[in-house]
Amino acid sequence: MSPSTIELLVRGFRRSVAAARAVRILLTAAFCVLVIWALQLPEPQARRALGLLVLGGLVLWAGAIIRSVRLTRELQTGNMLMAMGRLDDAEACLGRVLRRFSLSPQVKFLVFQQLAALFFQRQRHDDVVIVCHELLRQPIRRLHGVWLNTRLLLADVLLLEDRVAEAYGAMRPVYDAPLTLTDRMKLLPIQLRYELASNHAESAVGGLAEKVRIAELLESPAAGLVHALLAEACRRLSRPAQQAFLAERARLYCDLAPIARRYPVIAPIAAEAPADPG
C-alpha cells in the first residue's frame, strides 16, 4: 500500500468517526428541541406529540442497532477470511465496512484495529504503525480489548523494527491497566522481547515460574517462543541448568528455526543442539 493510499484510508476513518459523532449530536439536539416544543403544546396535543417522539426515537434506536449488528457480522466475515489466509478478500471486506455509515464509532474502531492486524500479517510494518497511532488518538480506552490489542500490536511492530524506546512507550500504559489472564498471555511474549532487546535479562527471568505457567497456556508457536526467550535470558545470566530446561521445553512445542528467523533474539537458543536423551 502506497503512502498516499494509507493516507486516504486514515482520512476516511477520521471522516467516518467524525460523521458518526456529529450525527449523534445533531439527533440528540433535535430530539431535545422537539421535546421542549411538545411540552409547550396544550393537552392533549402535547401527550400525542411526546408519544410520537418517543416512538420515533425507539424506531431510530432500533434501526441503529440493526445497522450495527449487520456491520459487526461483516467484520466477523473479514476476521474469518483473515484466519483462512484470504488476506485480499479480508482487506476488501474490512474496507467496505469502514466506508459504510454507522452511528457507532466503536464499530469503526474495531474495523481499523483489524486492518492493522491484517497489515501486520502482511508485514506492512509502516502501515501498522500509522493505523495504530491513529487509533490511539481516538477515545478507545473504554474499549479495553481494542485499546490493549492496539498498544501491543504497535509495540510488537516497533520491536521488529528495532525501535526499542518507542516500543516501551507503546507498552508502558498497559502495565497501569487491570489485566486479565488473557491480557497477560498476550503481553508476555512482547514484554520478554522488549526486556531482552533493552538488555534487561534479569527482569525477563523475574517471576520465572509464573511466566512458565502462563507460557504453557499459549498456542504451540507462542509457547515455544516464550520458553526460548526465557532460555535466552538465562543464557545471558549464566544459568545453564535453567537455560537447558527451558530450551528443551521450547523445542517440544515447535521447531525454533523458523521462529528464530522472525525473532533473531532467540537465534542462540535455536542454534543449540538438542540434549542427548541418553
# chains A, B, ... in the order shown; residues from 1 in each chain; ligands from 1
call {"tool": "residues_around", "arguments": {"residues": "Arg21 of chain A", "least_positions_apart": "4", "cutoff": "8 Å", "atoms": "only C-alpha atoms", "output": "JSON, numbers by chain"}}
result
{"A": [17, 25, 103, 105]}
call {"tool": "select_by_dssp", "arguments": {"residues": "segment 48-233 of chain A", "states": "helix (DSSP H, G or I)", "output": "MDAnalysis selection string"}}
result
chainID A and resid 48:83 87:99 105:121 125:136 144:160 164:175 181:197 201:204 208:215 220:233
call {"tool": "atom_distance", "arguments": {"atom1": "atom CA of Arg151 of chain A", "atom2": "atom CA of Ile6 of chain A"}}
result
19.4 Å
call {"tool": "closest_atom_pairs", "arguments": {"of": "segment 43-94 of chain A", "to": "segment 116-129 of chain A", "cutoff": "8 Å", "atoms": "only C-alpha atoms", "output": "CSV"}}
result
residue,atom,partner,partner_atom,distance
A:Met82,CA,A:Leu118,CA,7.1
A:Leu87,CA,A:Leu118,CA,7.1
A:Glu91,CA,A:Leu118,CA,7.3
call {"tool": "residues_around", "arguments": {"residues": "Ala250 of chain A", "least_positions_apart": "2", "cutoff": "8 Å", "atoms": "only C-alpha atoms", "output": "count of residues only"}}
result
13
call {"tool": "residues_around", "arguments": {"residues": "segment 229-233 of chain A", "least_positions_apart": "5", "cutoff": "12 Å", "atoms": "only C-alpha atoms", "output": "MDAnalysis selection string"}}
result
chainID A and resid 188:212 215 222:224 238:251 256 259:260 263:272
call {"tool": "atom_distance", "arguments": {"atom1": "atom CA of Arg262 of chain A", "atom2": "atom CA of Asp176 of chain A"}}
result
29.2 Å
call {"tool": "closest_residue", "arguments": {"among": "A:Ala92, A:Val10, A:Arg48, A:Leu26", "to": "Cys132 of chain A", "atoms": "only C-alpha atoms"}}
result
A:Val10
call {"tool": "residues_around", "arguments": {"residues": "segment 51-62 of chain A", "least_positions_apart": "6", "cutoff": "8 Å", "atoms": "only C-alpha atoms", "output": "PDB file with all heavy atoms, in the first residue's frame"}}
result
ATOM      1  N   PHE A  31     -33.867  16.081  19.063  1.00  0.00           N
ATOM      2  CA  PHE A  31     -34.845  15.424  19.940  1.00  0.00           C
ATOM      3  C   PHE A  31     -35.175  16.313  21.137  1.00  0.00           C
ATOM      4  O   PHE A  31     -36.347  16.451  21.522  1.00  0.00           O
ATOM      5  CB  PHE A  31     -34.287  14.081  20.404  1.00  0.00           C
ATOM      6  CG  PHE A  31     -35.255  13.272  21.223  1.00  0.00           C
ATOM      7  CD1 PHE A  31     -36.257  12.542  20.610  1.00  0.00           C
ATOM      8  CD2 PHE A  31     -35.162  13.245  22.606  1.00  0.00           C
ATOM      9  CE1 PHE A  31     -37.153  11.798  21.363  1.00  0.00           C
ATOM     10  CE2 PHE A  31     -36.050  12.510  23.360  1.00  0.00           C
ATOM     11  CZ  PHE A  31     -37.055  11.778  22.743  1.00  0.00           C
ATOM     12  N   LEU A  34     -37.390  19.200  20.041  1.00  0.00           N
ATOM     13  CA  LEU A  34     -38.764  18.745  19.773  1.00  0.00           C
ATOM     14  C   LEU A  34     -39.506  18.424  21.067  1.00  0.00           C
ATOM     15  O   LEU A  34     -40.716  18.667  21.167  1.00  0.00           O
ATOM     16  CB  LEU A  34     -38.735  17.521  18.858  1.00  0.00           C
ATOM     17  CG  LEU A  34     -38.325  17.805  17.408  1.00  0.00           C
ATOM     18  CD1 LEU A  34     -38.149  16.503  16.640  1.00  0.00           C
ATOM     19  CD2 LEU A  34     -39.373  18.690  16.729  1.00  0.00           C
ATOM     20  N   VAL A  35     -38.799  17.882  22.061  1.00  0.00           N
ATOM     21  CA  VAL A  35     -39.446  17.611  23.354  1.00  0.00           C
ATOM     22  C   VAL A  35     -39.878  18.910  24.007  1.00  0.00           C
ATOM     23  O   VAL A  35     -40.999  19.018  24.542  1.00  0.00           O
ATOM     24  CB  VAL A  35     -38.484  16.815  24.265  1.00  0.00           C
ATOM     25  CG1 VAL A  35     -39.006  16.787  25.704  1.00  0.00           C
ATOM     26  CG2 VAL A  35     -38.317  15.395  23.753  1.00  0.00           C
TER      27      VAL A  35
END
